[in-house]
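Peer 1: See input.cif below, with mmCIF, N, CA, C and O atoms and all ligand atoms.
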data_start
#
loop_
_atom_site.label_atom_id
_atom_site.label_comp_id
_atom_site.auth_asym_id
_atom_site.auth_seq_id
_atom_site.Cartn_x
_atom_site.Cartn_y
_atom_site.Cartn_z
N MET S 210 26.87 -116.01 -118.51
CA MET S 210 27.73 -115.45 -119.54
C MET S 210 27.37 -113.99 -119.76
O MET S 210 26.21 -113.63 -119.73
N GLN S 211 28.40 -113.18 -120.03
CA GLN S 211 28.21 -111.79 -120.37
C GLN S 211 28.79 -111.52 -121.75
O GLN S 211 29.72 -112.21 -122.17
N THR S 212 28.26 -110.56 -122.44
CA THR S 212 28.77 -110.17 -123.76
C THR S 212 29.22 -108.72 -123.69
O THR S 212 28.55 -107.89 -123.09
N THR S 213 30.39 -108.46 -124.27
CA THR S 213 30.90 -107.10 -124.31
C THR S 213 31.66 -106.90 -125.60
O THR S 213 31.93 -107.86 -126.33
N LYS S 214 32.03 -105.66 -125.90
CA LYS S 214 32.82 -105.37 -127.10
C LYS S 214 34.29 -105.40 -126.74
O LYS S 214 34.68 -105.06 -125.62
N THR S 215 35.11 -105.78 -127.71
CA THR S 215 36.55 -105.77 -127.48
C THR S 215 37.03 -104.34 -127.23
O THR S 215 36.58 -103.41 -127.90
N PRO S 216 37.96 -104.16 -126.29
CA PRO S 216 38.49 -102.82 -126.06
C PRO S 216 39.57 -102.42 -127.06
O PRO S 216 40.07 -101.31 -127.02
N HIS S 217 39.92 -103.33 -127.97
CA HIS S 217 41.02 -103.07 -128.89
C HIS S 217 40.48 -102.81 -130.31
O HIS S 217 39.74 -103.64 -130.83
N PRO S 218 40.88 -101.73 -130.95
CA PRO S 218 40.44 -101.51 -132.33
C PRO S 218 41.07 -102.49 -133.31
O PRO S 218 40.59 -102.65 -134.42
N LEU S 219 42.14 -103.13 -132.89
CA LEU S 219 42.81 -104.10 -133.75
C LEU S 219 43.47 -105.15 -132.86
O LEU S 219 44.23 -104.81 -131.95
N HIS S 220 43.16 -106.41 -133.14
CA HIS S 220 43.72 -107.52 -132.38
C HIS S 220 44.52 -108.38 -133.36
O HIS S 220 43.99 -108.81 -134.38
N ILE S 221 45.78 -108.60 -133.04
CA ILE S 221 46.68 -109.35 -133.91
C ILE S 221 46.93 -110.72 -133.30
O ILE S 221 47.36 -110.82 -132.15
N LEU S 222 46.63 -111.75 -134.08
CA LEU S 222 46.81 -113.12 -133.61
C LEU S 222 47.96 -113.75 -134.38
O LEU S 222 47.94 -113.82 -135.61
N VAL S 223 48.97 -114.21 -133.65
CA VAL S 223 50.14 -114.84 -134.25
C VAL S 223 50.09 -116.32 -133.92
O VAL S 223 50.14 -116.72 -132.75
N CYS S 224 49.98 -117.15 -134.95
CA CYS S 224 49.93 -118.60 -134.72
C CYS S 224 51.33 -119.10 -134.37
O CYS S 224 52.27 -118.92 -135.14
N THR S 225 51.45 -119.73 -133.22
CA THR S 225 52.72 -120.32 -132.80
C THR S 225 52.57 -121.83 -132.62
O THR S 225 53.42 -122.47 -132.02
N ASN S 226 51.49 -122.37 -133.14
CA ASN S 226 51.22 -123.79 -132.99
C ASN S 226 52.36 -124.64 -133.60
O ASN S 226 52.78 -124.39 -134.72
N ALA S 227 52.84 -125.59 -132.85
CA ALA S 227 53.90 -126.49 -133.33
C ALA S 227 53.42 -127.93 -133.18
O ALA S 227 52.92 -128.31 -132.13
N ARG S 228 53.57 -128.70 -134.25
CA ARG S 228 53.10 -130.10 -134.19
C ARG S 228 54.23 -131.09 -133.95
O ARG S 228 54.02 -132.15 -133.40
N HIS S 229 55.39 -130.80 -134.49
CA HIS S 229 56.56 -131.68 -134.33
C HIS S 229 56.30 -133.09 -134.86
O HIS S 229 56.87 -134.06 -134.36
N ASP S 230 55.43 -133.22 -135.85
CA ASP S 230 55.17 -134.56 -136.40
C ASP S 230 55.39 -134.62 -137.91
O ASP S 230 54.98 -135.58 -138.56
N GLY S 231 56.03 -133.60 -138.45
CA GLY S 231 56.31 -133.59 -139.88
C GLY S 231 55.25 -132.92 -140.72
O GLY S 231 55.50 -132.62 -141.89
N THR S 232 54.06 -132.70 -140.17
CA THR S 232 53.04 -131.97 -140.92
C THR S 232 53.29 -130.47 -140.73
O THR S 232 53.81 -130.06 -139.70
N PRO S 233 52.94 -129.66 -141.73
CA PRO S 233 53.24 -128.23 -141.65
C PRO S 233 52.57 -127.57 -140.45
O PRO S 233 51.41 -127.84 -140.15
N SER S 234 53.31 -126.71 -139.78
CA SER S 234 52.74 -125.89 -138.72
C SER S 234 53.60 -124.66 -138.53
O SER S 234 54.81 -124.70 -138.76
N CYS S 235 52.97 -123.58 -138.12
CA CYS S 235 53.68 -122.31 -137.98
C CYS S 235 54.83 -122.41 -136.99
O CYS S 235 55.92 -121.88 -137.22
N GLY S 236 54.60 -123.07 -135.88
CA GLY S 236 55.59 -123.15 -134.82
C GLY S 236 56.82 -123.96 -135.19
O GLY S 236 57.88 -123.77 -134.60
N ASP S 237 56.68 -124.86 -136.16
CA ASP S 237 57.83 -125.67 -136.56
C ASP S 237 58.76 -124.91 -137.50
O ASP S 237 59.84 -125.40 -137.82
N SER S 238 58.35 -123.73 -137.95
CA SER S 238 59.17 -122.98 -138.91
C SER S 238 60.39 -122.37 -138.25
O SER S 238 61.33 -121.97 -138.94
N GLY S 239 60.36 -122.23 -136.93
CA GLY S 239 61.46 -121.57 -136.24
C GLY S 239 61.32 -120.06 -136.22
O GLY S 239 62.17 -119.37 -135.67
N GLU S 240 60.28 -119.53 -136.83
CA GLU S 240 60.09 -118.07 -136.92
C GLU S 240 58.93 -117.57 -136.07
O GLU S 240 58.93 -116.44 -135.62
N ALA S 241 57.91 -118.38 -135.88
CA ALA S 241 56.65 -117.89 -135.31
C ALA S 241 56.82 -117.30 -133.91
O ALA S 241 56.27 -116.23 -133.62
N GLN S 242 57.56 -117.97 -133.06
CA GLN S 242 57.71 -117.46 -131.69
C GLN S 242 58.44 -116.12 -131.68
O GLN S 242 58.07 -115.20 -130.96
N GLY S 243 59.47 -116.01 -132.51
CA GLY S 243 60.20 -114.75 -132.61
C GLY S 243 59.34 -113.64 -133.19
O GLY S 243 59.42 -112.49 -132.74
N VAL S 244 58.52 -113.98 -134.17
CA VAL S 244 57.60 -112.99 -134.74
C VAL S 244 56.67 -112.50 -133.65
O VAL S 244 56.46 -111.29 -133.50
N PHE S 245 56.10 -113.41 -132.90
CA PHE S 245 55.19 -113.02 -131.83
C PHE S 245 55.88 -112.09 -130.83
O PHE S 245 55.39 -111.01 -130.52
N GLU S 246 57.04 -112.51 -130.34
CA GLU S 246 57.72 -111.73 -129.30
C GLU S 246 58.16 -110.36 -129.81
O GLU S 246 57.96 -109.34 -129.13
N GLN S 247 58.76 -110.33 -130.99
CA GLN S 247 59.28 -109.05 -131.51
C GLN S 247 58.17 -108.11 -131.95
O GLN S 247 58.27 -106.90 -131.78
N LEU S 248 57.10 -108.67 -132.51
CA LEU S 248 55.97 -107.83 -132.91
C LEU S 248 55.30 -107.22 -131.69
O LEU S 248 54.97 -106.03 -131.68
N LYS S 249 55.15 -108.01 -130.65
CA LYS S 249 54.55 -107.51 -129.41
C LYS S 249 55.39 -106.37 -128.83
O LYS S 249 54.86 -105.33 -128.45
N ILE S 250 56.70 -106.57 -128.79
CA ILE S 250 57.60 -105.54 -128.25
C ILE S 250 57.53 -104.27 -129.10
O ILE S 250 57.37 -103.16 -128.59
N ARG S 251 57.62 -104.45 -130.40
CA ARG S 251 57.66 -103.28 -131.30
C ARG S 251 56.38 -102.46 -131.24
O ARG S 251 56.41 -101.23 -131.17
N LEU S 252 55.23 -103.13 -131.24
CA LEU S 252 53.97 -102.39 -131.23
C LEU S 252 53.69 -101.79 -129.87
O LEU S 252 53.06 -100.73 -129.77
N LYS S 253 54.18 -102.42 -128.82
CA LYS S 253 54.05 -101.83 -127.49
C LYS S 253 54.90 -100.58 -127.39
O LYS S 253 54.46 -99.55 -126.88
N GLU S 254 56.14 -100.65 -127.89
CA GLU S 254 57.02 -99.47 -127.87
C GLU S 254 56.43 -98.33 -128.70
O GLU S 254 56.62 -97.17 -128.38
N ALA S 255 55.72 -98.69 -129.76
CA ALA S 255 55.10 -97.68 -130.62
C ALA S 255 53.82 -97.11 -130.00
O ALA S 255 53.25 -96.17 -130.55
N LYS S 256 53.41 -97.71 -128.89
CA LYS S 256 52.21 -97.27 -128.17
C LYS S 256 50.96 -97.29 -129.05
O LYS S 256 50.10 -96.41 -128.95
N LEU S 257 50.89 -98.29 -129.90
CA LEU S 257 49.70 -98.43 -130.74
C LEU S 257 48.61 -99.15 -129.95
O LEU S 257 48.91 -100.04 -129.15
N PRO S 258 47.34 -98.79 -130.17
CA PRO S 258 46.24 -99.38 -129.40
C PRO S 258 45.83 -100.74 -129.94
O PRO S 258 44.70 -100.94 -130.39
N VAL S 259 46.77 -101.66 -129.93
CA VAL S 259 46.51 -103.00 -130.46
C VAL S 259 46.87 -104.04 -129.40
O VAL S 259 47.61 -103.76 -128.46
N ARG S 260 46.35 -105.21 -129.59
CA ARG S 260 46.68 -106.34 -128.73
C ARG S 260 47.33 -107.40 -129.61
O ARG S 260 46.81 -107.72 -130.68
N VAL S 261 48.45 -107.94 -129.17
CA VAL S 261 49.13 -109.01 -129.89
C VAL S 261 49.06 -110.27 -129.03
O VAL S 261 49.52 -110.26 -127.89
N SER S 262 48.48 -111.32 -129.57
CA SER S 262 48.32 -112.57 -128.83
C SER S 262 48.84 -113.73 -129.65
O SER S 262 48.69 -113.75 -130.87
N ARG S 263 49.41 -114.69 -128.97
CA ARG S 263 49.76 -115.93 -129.67
C ARG S 263 48.52 -116.81 -129.68
O ARG S 263 47.69 -116.74 -128.77
N THR S 264 48.42 -117.62 -130.71
CA THR S 264 47.24 -118.47 -130.82
C THR S 264 47.63 -119.83 -131.38
O THR S 264 48.75 -120.02 -131.86
N GLY S 265 46.70 -120.74 -131.31
CA GLY S 265 46.87 -122.05 -131.92
C GLY S 265 46.54 -121.98 -133.40
O GLY S 265 46.40 -120.91 -133.98
N CYS S 266 46.35 -123.15 -133.98
CA CYS S 266 46.17 -123.26 -135.43
C CYS S 266 45.01 -122.41 -135.94
O CYS S 266 43.92 -122.44 -135.40
N LEU S 267 45.29 -121.68 -137.03
CA LEU S 267 44.30 -120.83 -137.68
C LEU S 267 43.76 -121.46 -138.95
O LEU S 267 42.85 -120.93 -139.56
N GLY S 268 44.37 -122.54 -139.41
CA GLY S 268 43.87 -123.23 -140.60
C GLY S 268 44.89 -123.42 -141.71
O GLY S 268 45.21 -124.55 -142.05
N PRO S 269 45.41 -122.32 -142.31
CA PRO S 269 46.30 -122.48 -143.47
C PRO S 269 47.75 -122.75 -143.05
O PRO S 269 48.66 -121.95 -143.30
N CYS S 270 47.95 -123.89 -142.45
CA CYS S 270 49.24 -124.21 -141.81
C CYS S 270 50.42 -124.17 -142.79
O CYS S 270 51.49 -123.71 -142.43
N ALA S 271 50.22 -124.66 -143.99
CA ALA S 271 51.32 -124.74 -144.95
C ALA S 271 51.78 -123.36 -145.42
O ALA S 271 52.86 -123.24 -146.00
N GLN S 272 50.99 -122.32 -145.19
CA GLN S 272 51.37 -120.97 -145.59
C GLN S 272 51.96 -120.17 -144.44
O GLN S 272 52.18 -118.98 -144.54
N GLY S 273 52.18 -120.79 -143.31
CA GLY S 273 52.64 -120.09 -142.12
C GLY S 273 54.09 -119.71 -142.15
O GLY S 273 54.80 -120.05 -143.10
N PRO S 274 54.52 -119.01 -141.14
CA PRO S 274 53.75 -118.54 -140.00
C PRO S 274 52.66 -117.53 -140.41
O PRO S 274 52.90 -116.67 -141.24
N ASN S 275 51.50 -117.70 -139.81
CA ASN S 275 50.35 -116.87 -140.12
C ASN S 275 50.11 -115.84 -139.02
O ASN S 275 50.19 -116.16 -137.83
N VAL S 276 49.78 -114.64 -139.47
CA VAL S 276 49.43 -113.55 -138.56
C VAL S 276 48.14 -112.95 -139.09
O VAL S 276 48.06 -112.61 -140.27
N MET S 277 47.12 -112.84 -138.25
CA MET S 277 45.89 -112.22 -138.74
C MET S 277 45.43 -111.10 -137.85
O MET S 277 45.71 -111.07 -136.66
N CYS S 278 44.75 -110.17 -138.48
CA CYS S 278 44.31 -108.94 -137.82
C CYS S 278 42.79 -108.89 -137.82
O CYS S 278 42.17 -109.01 -138.88
N TYR S 279 42.23 -108.71 -136.63
CA TYR S 279 40.78 -108.57 -136.49
C TYR S 279 40.44 -107.25 -135.84
O TYR S 279 41.19 -106.80 -134.98
N PRO S 280 39.35 -106.65 -136.25
CA PRO S 280 38.31 -107.14 -137.15
C PRO S 280 38.57 -106.86 -138.62
O PRO S 280 37.70 -107.11 -139.45
N GLN S 281 39.74 -106.37 -138.97
CA GLN S 281 40.01 -105.97 -140.34
C GLN S 281 40.03 -107.17 -141.30
O GLN S 281 39.83 -107.00 -142.51
N GLY S 282 40.32 -108.36 -140.80
CA GLY S 282 40.32 -109.54 -141.65
C GLY S 282 41.52 -109.63 -142.56
O GLY S 282 41.49 -110.30 -143.59
N VAL S 283 42.62 -108.99 -142.18
CA VAL S 283 43.86 -109.02 -142.97
C VAL S 283 44.74 -110.14 -142.44
O VAL S 283 44.95 -110.26 -141.24
N TRP S 284 45.26 -110.95 -143.37
CA TRP S 284 46.16 -112.03 -143.00
C TRP S 284 47.52 -111.78 -143.62
O TRP S 284 47.61 -111.39 -144.78
N PHE S 285 48.56 -112.03 -142.85
CA PHE S 285 49.93 -112.05 -143.36
C PHE S 285 50.39 -113.50 -143.27
O PHE S 285 50.18 -114.16 -142.25
N GLN S 286 51.02 -113.97 -144.35
CA GLN S 286 51.45 -115.36 -144.36
C GLN S 286 52.94 -115.46 -144.68
O GLN S 286 53.53 -114.52 -145.23
N ALA S 287 53.52 -116.57 -144.32
CA ALA S 287 54.96 -116.79 -144.50
C ALA S 287 55.75 -115.64 -143.87
O ALA S 287 56.70 -115.12 -144.45
N VAL S 288 55.34 -115.26 -142.68
CA VAL S 288 55.92 -114.11 -142.00
C VAL S 288 57.23 -114.50 -141.32
O VAL S 288 57.38 -115.59 -140.77
N SER S 289 58.18 -113.56 -141.37
CA SER S 289 59.43 -113.72 -140.62
C SER S 289 59.66 -112.43 -139.83
O SER S 289 58.96 -111.43 -140.03
N GLU S 290 60.64 -112.44 -138.96
CA GLU S 290 60.92 -111.25 -138.16
C GLU S 290 61.30 -110.06 -139.05
O GLU S 290 61.09 -108.91 -138.67
N GLN S 291 61.84 -110.32 -140.23
CA GLN S 291 62.19 -109.24 -141.15
C GLN S 291 60.96 -108.48 -141.63
O GLN S 291 61.08 -107.35 -142.11
N ASP S 292 59.79 -109.10 -141.53
CA ASP S 292 58.55 -108.46 -142.00
C ASP S 292 57.92 -107.54 -140.95
O ASP S 292 56.93 -106.86 -141.25
N ILE S 293 58.45 -107.52 -139.76
CA ILE S 293 57.80 -106.77 -138.68
C ILE S 293 57.68 -105.27 -138.98
O ILE S 293 56.62 -104.70 -138.75
N PRO S 294 58.69 -104.60 -139.55
CA PRO S 294 58.49 -103.18 -139.89
C PRO S 294 57.34 -102.97 -140.87
O PRO S 294 56.56 -102.02 -140.73
N GLU S 295 57.20 -103.86 -141.85
CA GLU S 295 56.10 -103.72 -142.80
C GLU S 295 54.75 -103.99 -142.12
O GLU S 295 53.76 -103.31 -142.40
N ILE S 296 54.73 -104.96 -141.24
CA ILE S 296 53.48 -105.23 -140.51
C ILE S 296 53.10 -104.01 -139.68
O ILE S 296 51.94 -103.61 -139.65
N GLU S 297 54.09 -103.40 -139.02
CA GLU S 297 53.78 -102.19 -138.24
C GLU S 297 53.20 -101.11 -139.15
O GLU S 297 52.21 -100.45 -138.78
N ALA S 298 53.78 -100.93 -140.31
CA ALA S 298 53.27 -99.91 -141.25
C ALA S 298 51.83 -100.24 -141.66
O ALA S 298 50.97 -99.35 -141.72
N ARG S 299 51.56 -101.50 -141.94
CA ARG S 299 50.20 -101.90 -142.34
C ARG S 299 49.23 -101.74 -141.18
O ARG S 299 48.07 -101.37 -141.37
N VAL S 300 49.68 -102.05 -139.98
CA VAL S 300 48.83 -101.86 -138.79
C VAL S 300 48.48 -100.39 -138.63
O VAL S 300 47.33 -100.03 -138.35
N ARG S 301 49.46 -99.51 -138.81
CA ARG S 301 49.18 -98.07 -138.71
C ARG S 301 48.13 -97.66 -139.75
O ARG S 301 47.23 -96.86 -139.45
N GLU S 302 48.23 -98.18 -140.96
CA GLU S 302 47.23 -97.86 -141.99
C GLU S 302 45.84 -98.35 -141.58
O GLU S 302 44.85 -97.64 -141.75
N MET S 303 45.79 -99.57 -141.05
CA MET S 303 44.48 -100.12 -140.64
C MET S 303 43.88 -99.30 -139.52
O MET S 303 42.67 -99.08 -139.49
N LEU S 304 44.72 -98.84 -138.60
CA LEU S 304 44.20 -98.03 -137.49
C LEU S 304 43.65 -96.70 -137.98
O LEU S 304 42.71 -96.16 -137.41
N MET S 305 44.27 -96.16 -139.02
CA MET S 305 43.77 -94.90 -139.58
C MET S 305 42.39 -95.08 -140.20
O MET S 305 41.61 -94.12 -140.28
N ASP S 306 42.08 -96.30 -140.63
CA ASP S 306 40.79 -96.57 -141.27
C ASP S 306 39.70 -96.91 -140.24
O ASP S 306 38.55 -97.10 -140.63
N THR S 307 40.07 -97.04 -138.97
CA THR S 307 39.05 -97.43 -137.98
C THR S 307 38.33 -96.22 -137.44
O THR S 307 38.78 -95.12 -137.49
S1 LIG H 1 49.69 -124.26 -137.39
FE1 LIG H 1 49.50 -122.11 -137.80
S2 LIG H 1 47.79 -122.04 -139.06
FE2 LIG H 1 47.88 -124.13 -138.55
#
Please rewrite the model in this file as C-alpha cells.
Peer 2:
Amino acid sequence: MQTTKTPHPLHILVCTNARHDGTPSCGDSGEAQGVFEQLKIRLKEAKLPVRVSRTGCLGPCAQGPNVMCYPQGVWFQAVSEQDIPEIEARVREMLMDT
C-alpha cells in the first residue's frame, strides 16, 4: 500500500444510492443522478479544480439527495438540479478559502 495526498483541493461526493425497497435513499428521489451529471458538467465547464464523484450511502438518507464537500466538511441536503448554481457559488467560496 502507498499513501499520497489528494490532488484535488475540493472533492464533491454526490450520493446516488438507490434502494428501491421503500426506505429513504437519495437515488430513489429521482433527482440524485441528474444532480451528479449536471453538477459534474457545470463545474468542468467552469474549469474549477474540483472532482465530482458519485457515491453510495453517506448516512443521512432521509435528508437526501446528499452532496458533501471534502475536506471542507460542507454538506448540502435535499438537493435538486435547481440548486446547482448555488452549489457552484458555494464551491467557488470554499476554493477561495483553501
Ligand atoms: S442513500 Fe444517500 S445518504 Fe443514504
Peer 1: Could you check how far atom FE1 of ligand LIG 1 (chain H) sits from atom C of Lys256 of chain S, in Å to one decimal?
Peer 2: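 So the answer is 26.4 Å.
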Peer 1: Near segment 267-271 of chain S, within 7 Å and counting only N, CA, C and O atoms, which residues show up once chain neighbours fewer than 3 positions away are dropped, as JSON, numbers by chain?
Peer 2: {"S": [224, 233, 234, 235, 264, 274, 275, 287]}
Peer 1: Using 4 Å of padding on each side, determine the axis-aligned box around all atoms of segment 283-292 of chain S present in the file and give its centre and edge lengths in Å to one decimal, as AutoDock Vina command-line options.
Peer 2:
--center_x 52.4 --center_y -111.8 --center_z -141.7 --size_x 27.6 --size_y 17.9 --size_z 15.1
Peer 1: Point out the residue among S:Gln291, S:Gln247, S:Gln286, S:Gln281 with the least atom-to-atom distance to ligand LIG 1 (chain H), counting only C-alpha atoms and all ligand atoms.
Peer 2: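 Distance minimum relative to ligand LIG 1 (chain H) lands on S:Gln286.
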Peer 1: From the set S:Pro280, S:Gly273, S:Ile293, S:Leu222, which residue has the shortest atom-to-atom contact distance to Gly236 of chain S, counting only N, CA, C and O atoms?
Peer 2: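 Checking each candidate against Gly236 of chain S, we get S:Gly273 as the closest.
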Peer 1: Taking the DSSP secondary structure from the backbone, can you list the residues of segment 210-292 of chain S that are alpha helix (DSSP H), as an NGL selection string?
Peer 2: :S and (241-254)
Peer 1: How many Å lie between atom CA of Ala227 of chain S and atom N of Leu248 of chain S, rounded to one decimal?
Peer 2: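 These atoms are spaced 18.1 Å apart.
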Peer 1: With a distance cut-off of 7 Å and all atoms listed in the file, select the neighbouring residues of Glu240 of chain S, excluding the residue or stretch itself and same-chain residues fewer than 2 positions from it, and output the selection as a ChimeraX atom specification.
Peer 2: /S:224,235-238,242-246,274,288-290
Peer 1: From the options S:Gly239, S:Val223, S:Lys249, S:Pro218, which residue's atoms come nearest to Met303 of chain S, counting all atoms listed in the file?
Peer 2: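 Comparing S:Gly239, S:Val223, S:Lys249, S:Pro218 against Met303 of chain S, the winner is S:Pro218.
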Peer 1: Could you check how far atom CA of Arg299 of chain S sits from atom CA of Arg263 of chain S, in Å to one decimal?
Peer 2: 18.9 Å
Peer 1: Between S:Val276, S:Val259, S:Ile296, S:Leu252, which is the closest to ligand LIG 1 (chain H) once you count all atoms listed in the file?
Peer 2: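 Nearest to ligand LIG 1 (chain H): S:Val276.
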Peer 1: What's around Pro258 of chain S at 6 Å? Count all atoms listed in the file, leave out sequence neighbours fewer than 4 positions away in its own chain, and write the answer as number ranges by chain.
Peer 2: S: 216-219
Peer 1: Print the selection's residues with N, CA, C and O atoms to a file, as a compact mmCIF listing (two decimals), in the frame of the given file.
Peer 2:
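part_37.txt was written with the following content:
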# COMPACT_ATOMS: atom_id res chain seq x y z
N PRO S 216 37.96 -104.16 -126.29
CA PRO S 216 38.49 -102.82 -126.06
C PRO S 216 39.57 -102.42 -127.06
O PRO S 216 40.07 -101.31 -127.02
N HIS S 217 39.92 -103.33 -127.97
CA HIS S 217 41.02 -103.07 -128.89
C HIS S 217 40.48 -102.81 -130.31
O HIS S 217 39.74 -103.64 -130.83
N PRO S 218 40.88 -101.73 -130.95
CA PRO S 218 40.44 -101.51 -132.33
C PRO S 218 41.07 -102.49 -133.31
O PRO S 218 40.59 -102.65 -134.42
N LEU S 219 42.14 -103.13 -132.89
CA LEU S 219 42.81 -104.10 -133.75
C LEU S 219 43.47 -105.15 -132.86
O LEU S 219 44.23 -104.81 -131.95
Peer 1: Which residue, S:Arg228, S:Asp306, S:Arg251, S:Trp284, has the smallest gap to ligand LIG 1 (chain H) when you use all atoms listed in the file?
Peer 2: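 Distance minimum relative to ligand LIG 1 (chain H) lands on S:Arg228.
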Peer 1: Starting from the structure just given, write a file holding segment 270-288 of chain S with N, CA, C and O atoms, as a PDB file, in the first residue's frame.
Peer 2:
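File part-v2.pdb, as written:
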ATOM      1  N   CYS S 270     -29.875   9.399   4.921  1.00  0.00           N
ATOM      2  CA  CYS S 270     -30.647   9.079   3.709  1.00  0.00           C
ATOM      3  C   CYS S 270     -31.945   9.880   3.600  1.00  0.00           C
ATOM      4  O   CYS S 270     -32.314  10.302   2.513  1.00  0.00           O
ATOM      5  N   ALA S 271     -32.636  10.067   4.706  1.00  0.00           N
ATOM      6  CA  ALA S 271     -33.933  10.740   4.671  1.00  0.00           C
ATOM      7  C   ALA S 271     -33.809  12.221   4.319  1.00  0.00           C
ATOM      8  O   ALA S 271     -34.808  12.855   3.980  1.00  0.00           O
ATOM      9  N   GLN S 272     -32.609  12.784   4.400  1.00  0.00           N
ATOM     10  CA  GLN S 272     -32.404  14.195   4.066  1.00  0.00           C
ATOM     11  C   GLN S 272     -31.875  14.368   2.647  1.00  0.00           C
ATOM     12  O   GLN S 272     -31.487  15.452   2.247  1.00  0.00           O
ATOM     13  N   GLY S 273     -31.783  13.312   1.885  1.00  0.00           N
ATOM     14  CA  GLY S 273     -31.190  13.368   0.565  1.00  0.00           C
ATOM     15  C   GLY S 273     -32.059  14.015  -0.480  1.00  0.00           C
ATOM     16  O   GLY S 273     -33.203  14.381  -0.197  1.00  0.00           O
ATOM     17  N   PRO S 274     -31.525  14.149  -1.660  1.00  0.00           N
ATOM     18  CA  PRO S 274     -30.181  13.780  -2.074  1.00  0.00           C
ATOM     19  C   PRO S 274     -29.100  14.587  -1.339  1.00  0.00           C
ATOM     20  O   PRO S 274     -29.248  15.791  -1.156  1.00  0.00           O
ATOM     21  N   ASN S 275     -28.059  13.880  -0.953  1.00  0.00           N
ATOM     22  CA  ASN S 275     -26.971  14.479  -0.201  1.00  0.00           C
ATOM     23  C   ASN S 275     -25.749  14.700  -1.083  1.00  0.00           C
ATOM     24  O   ASN S 275     -25.385  13.837  -1.886  1.00  0.00           O
ATOM     25  N   VAL S 276     -25.136  15.853  -0.880  1.00  0.00           N
ATOM     26  CA  VAL S 276     -23.895  16.206  -1.580  1.00  0.00           C
ATOM     27  C   VAL S 276     -22.930  16.700  -0.513  1.00  0.00           C
ATOM     28  O   VAL S 276     -23.279  17.584   0.271  1.00  0.00           O
ATOM     29  N   MET S 277     -21.734  16.129  -0.459  1.00  0.00           N
ATOM     30  CA  MET S 277     -20.789  16.630   0.533  1.00  0.00           C
ATOM     31  C   MET S 277     -19.459  16.989  -0.088  1.00  0.00           C
ATOM     32  O   MET S 277     -19.063  16.451  -1.119  1.00  0.00           O
ATOM     33  N   CYS S 278     -18.814  17.937   0.545  1.00  0.00           N
ATOM     34  CA  CYS S 278     -17.570  18.510   0.044  1.00  0.00           C
ATOM     35  C   CYS S 278     -16.455  18.227   1.035  1.00  0.00           C
ATOM     36  O   CYS S 278     -16.587  18.545   2.222  1.00  0.00           O
ATOM     37  N   TYR S 279     -15.379  17.627   0.527  1.00  0.00           N
ATOM     38  CA  TYR S 279     -14.203  17.352   1.348  1.00  0.00           C
ATOM     39  C   TYR S 279     -12.990  18.034   0.765  1.00  0.00           C
ATOM     40  O   TYR S 279     -12.883  18.114  -0.453  1.00  0.00           O
ATOM     41  N   PRO S 280     -12.099  18.506   1.608  1.00  0.00           N
ATOM     42  CA  PRO S 280     -12.041  18.346   3.062  1.00  0.00           C
ATOM     43  C   PRO S 280     -12.799  19.405   3.836  1.00  0.00           C
ATOM     44  O   PRO S 280     -12.712  19.449   5.064  1.00  0.00           O
ATOM     45  N   GLN S 281     -13.569  20.247   3.170  1.00  0.00           N
ATOM     46  CA  GLN S 281     -14.239  21.351   3.847  1.00  0.00           C
ATOM     47  C   GLN S 281     -15.307  20.871   4.831  1.00  0.00           C
ATOM     48  O   GLN S 281     -15.674  21.598   5.756  1.00  0.00           O
ATOM     49  N   GLY S 282     -15.865  19.687   4.608  1.00  0.00           N
ATOM     50  CA  GLY S 282     -16.865  19.158   5.525  1.00  0.00           C
ATOM     51  C   GLY S 282     -18.219  19.823   5.384  1.00  0.00           C
ATOM     52  O   GLY S 282     -19.028  19.801   6.309  1.00  0.00           O
ATOM     53  N   VAL S 283     -18.506  20.387   4.220  1.00  0.00           N
ATOM     54  CA  VAL S 283     -19.793  21.042   3.967  1.00  0.00           C
ATOM     55  C   VAL S 283     -20.729  20.032   3.312  1.00  0.00           C
ATOM     56  O   VAL S 283     -20.350  19.352   2.364  1.00  0.00           O
ATOM     57  N   TRP S 284     -21.949  19.965   3.840  1.00  0.00           N
ATOM     58  CA  TRP S 284     -22.959  19.074   3.277  1.00  0.00           C
ATOM     59  C   TRP S 284     -24.116  19.898   2.743  1.00  0.00           C
ATOM     60  O   TRP S 284     -24.546  20.846   3.392  1.00  0.00           O
ATOM     61  N   PHE S 285     -24.608  19.512   1.590  1.00  0.00           N
ATOM     62  CA  PHE S 285     -25.848  20.065   1.044  1.00  0.00           C
ATOM     63  C   PHE S 285     -26.862  18.919   1.064  1.00  0.00           C
ATOM     64  O   PHE S 285     -26.541  17.799   0.670  1.00  0.00           O
ATOM     65  N   GLN S 286     -28.064  19.234   1.528  1.00  0.00           N
ATOM     66  CA  GLN S 286     -29.080  18.184   1.629  1.00  0.00           C
ATOM     67  C   GLN S 286     -30.344  18.594   0.893  1.00  0.00           C
ATOM     68  O   GLN S 286     -30.570  19.781   0.632  1.00  0.00           O
ATOM     69  N   ALA S 287     -31.146  17.617   0.560  1.00  0.00           N
ATOM     70  CA  ALA S 287     -32.375  17.838  -0.208  1.00  0.00           C
ATOM     71  C   ALA S 287     -32.066  18.623  -1.482  1.00  0.00           C
ATOM     72  O   ALA S 287     -32.765  19.561  -1.843  1.00  0.00           O
ATOM     73  N   VAL S 288     -31.002  18.225  -2.141  1.00  0.00           N
ATOM     74  CA  VAL S 288     -30.510  18.937  -3.316  1.00  0.00           C
ATOM     75  C   VAL S 288     -31.321  18.549  -4.551  1.00  0.00           C
ATOM     76  O   VAL S 288     -31.700  17.394  -4.737  1.00  0.00           O
TER      77      VAL S 288
END
